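Participant: Please read through the structure below; I'll follow up with questions.
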Amino acid sequence: MTAIEKLVYTAKVRTIGGREGASRSSDGRLDIRLSTPGGLGSGTNPEQLFAAGWSACFENAMAIAARKMNVKLPAELAIDAEVDLNVADDAYFLRARLNVSLPGVDREVAQAVLDAAHQTCPYSKATRGNIDVAINLV
């Protein structure tokens, strides 16, 4: 486990009602209704939230990596995150893919940026060895 040098931020969110409930952050910036995936509710679900959080964090990790490599990332950079909720042997598990588009960046250079970001992104670190993950350059 990594020793903590400095605490940067603590997210505080209260959820009531699980997948059919609601979540609200302590600062009020997040206030959402939740629904089960594919259900009738109008809220989001944990898998969508995870996909949004990871893709946003990964893009920042890419920016840091690109800066260190003297690579300019295109304004059209996009990450399509896919998080699968699966079941086997009566147990749920996740799989995820980040499909990254870096138009105009040499493929070898783009792959190097993705590889570096995947090593430093906190979400990538948290999932490494825990769920099946693919980081795809598209």
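Convention: chains lettered A, B, ... in structure tokens order; per-chain residue numbering from 1; ligands numbered from 1 as shown.
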Using only C-alpha atoms, which protein or nucleic acid residues come within 10 Å of Leu34 in chain A? Drop anything in the same chain fewer than 2 positions from it, and give the result as a list in words.

Facilitator: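 What passes the distance filter is Thr15, Ile16, Gly17, Gly18, Arg19, Glu20, Gly21, Ala22, Ser23, Asp31, Ile32, Thr36, Pro37, Gly41, Ser42, Gly43, Thr44, Asn45 and Pro46 of chain A.
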
Participant: Kindly provide the residues of range 4-96 of chain A that approach range 107-130 of chain A to within 6 Å, each paired with its closest atom pair and their distance in Å to one decimal, based on only C-alpha atoms, listed by chain and increasing number, as CSV.

Facilitator:
```
residue,atom,partner,partner_atom,distance
A:Trp54,CA,A:Tyr123,CA,5.7
A:Phe58,CA,A:Cys121,CA,5.7
A:Ala61,CA,A:Ala117,CA,4.8
A:Met62,CA,A:Ala117,CA,4.9
A:Ala65,CA,A:Val113,CA,5.8
A:Ala66,CA,A:Val113,CA,5.9
```

Participant: Any idea what the distance is between CA of Gly53 in chain A and CA of Arg33 in chain A?

Facilitator: 16.8 Å

Participant: Mind checking which residues fall within 8 Å of Arg95 in chain A, counting only C-alpha atoms, ignoring those fewer than 2 positions away in the same chain, and posting them as a ChimeraX atom specification?

Facilitator: /A:83-86,93,97,131-133

Participant: Would you write out those residues with N, CA, C and O atoms, as an mmCIF file, in the first residue's frame?

Facilitator:
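Writing done, so here's selection_8.cif:
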```cif
data_model
loop_
_atom_site.group_PDB
_atom_site.id
_atom_site.type_symbol
_atom_site.label_atom_id
_atom_site.label_comp_id
_atom_site.auth_asym_id
_atom_site.auth_seq_id
_atom_site.Cartn_x
_atom_site.Cartn_y
_atom_site.Cartn_z
ATOM 1 N N VAL A 83 -18.804 0.241 -18.947
ATOM 2 C CA VAL A 83 -18.699 -0.584 -17.750
ATOM 3 C C VAL A 83 -19.824 -1.606 -17.793
ATOM 4 O O VAL A 83 -21.000 -1.246 -17.864
ATOM 5 N N ASP A 84 -19.440 -2.877 -17.786
ATOM 6 C CA ASP A 84 -20.405 -3.975 -17.835
ATOM 7 C C ASP A 84 -20.670 -4.493 -16.435
ATOM 8 O O ASP A 84 -19.732 -4.737 -15.671
ATOM 9 N N LEU A 85 -21.922 -4.674 -16.106
ATOM 10 C CA LEU A 85 -22.325 -5.376 -14.895
ATOM 11 C C LEU A 85 -22.676 -6.791 -15.333
ATOM 12 O O LEU A 85 -23.557 -6.993 -16.170
ATOM 13 N N ASN A 86 -21.964 -7.767 -14.806
ATOM 14 C CA ASN A 86 -22.112 -9.162 -15.211
ATOM 15 C C ASN A 86 -22.494 -10.012 -14.004
ATOM 16 O O ASN A 86 -22.316 -9.591 -12.856
ATOM 17 N N PHE A 93 -20.121 -9.039 -11.030
ATOM 18 C CA PHE A 93 -18.775 -8.520 -11.225
ATOM 19 C C PHE A 93 -18.784 -7.529 -12.378
ATOM 20 O O PHE A 93 -19.726 -7.477 -13.174
ATOM 21 N N ARG A 97 -14.099 -0.994 -20.306
ATOM 22 C CA ARG A 97 -13.286 -0.599 -21.445
ATOM 23 C C ARG A 97 -13.274 0.915 -21.540
ATOM 24 O O ARG A 97 -14.309 1.551 -21.382
ATOM 25 N N ILE A 131 -10.609 -6.234 -11.841
ATOM 26 C CA ILE A 131 -11.624 -6.453 -12.869
ATOM 27 C C ILE A 131 -10.932 -6.513 -14.229
ATOM 28 O O ILE A 131 -9.817 -6.015 -14.391
ATOM 29 N N ASP A 132 -11.595 -7.102 -15.194
ATOM 30 C CA ASP A 132 -11.083 -7.181 -16.560
ATOM 31 C C ASP A 132 -11.213 -5.791 -17.180
ATOM 32 O O ASP A 132 -12.313 -5.243 -17.254
ATOM 33 N N VAL A 133 -10.077 -5.215 -17.611
ATOM 34 C CA VAL A 133 -10.035 -3.854 -18.144
ATOM 35 C C VAL A 133 -9.339 -3.863 -19.497
ATOM 36 O O VAL A 133 -8.330 -4.543 -19.684
#
```

Participant: A:Thr2, A:Arg24, A:Asn136, A:Pro103: which is nearest Lys72 in chain A, counting only C-alpha atoms?

Facilitator: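 Comparing A:Thr2, A:Arg24, A:Asn136, A:Pro103 against Lys72 in chain A, the winner is A:Pro103.
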
Participant: Just the helix (DSSP H, G or I) stuff from chain A, please, per backbone DSSP, written as a PyMOL selection string.

Facilitator: chain A and resi 18-20+46-68+107-120+122-127

Participant: Write out as a ChimeraX atom specification each polymer residue whose atoms come within 12 Å of Leu77 in chain A, counting only C-alpha atoms; drop sequence neighbours fewer than 2 positions from it.

Facilitator: /A:55-56,58-60,62-63,72-75,79-80,99-105,110,114,137-138

Participant: Enumerate the residues of chain A with a DSSP assignment of strand (DSSP E), computed from the backbone, and present them as JSON, numbers by chain.

Facilitator: {"A": [13, 14, 15, 16, 22, 23, 24, 25, 31, 32, 33, 78, 79, 80, 81, 82, 83, 84, 85, 86, 87, 88, 91, 92, 93, 94, 95, 96, 97, 98, 99, 100, 101, 132, 133, 134, 135, 136, 137]}

Participant: Record the distance separating CA of Asp27 in chain A and CA of Lys12 in chain A, expressed in Å with one decimal.

Facilitator: 8.2 Å

Participant: With distances taken over only C-alpha atoms, which of A:Cys57, A:Asp89, A:Asp106, A:Leu94 is nearest to Val71 in chain A?

Facilitator: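 Checking each candidate against Val71 in chain A, we get A:Asp106 as the closest.
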
Participant: Nearest to Leu49 in chain A among A:Leu30, A:Met69, A:Ile64, A:Ala91, with distances taken over only C-alpha atoms: which residue is it?

Facilitator: A:Leu30
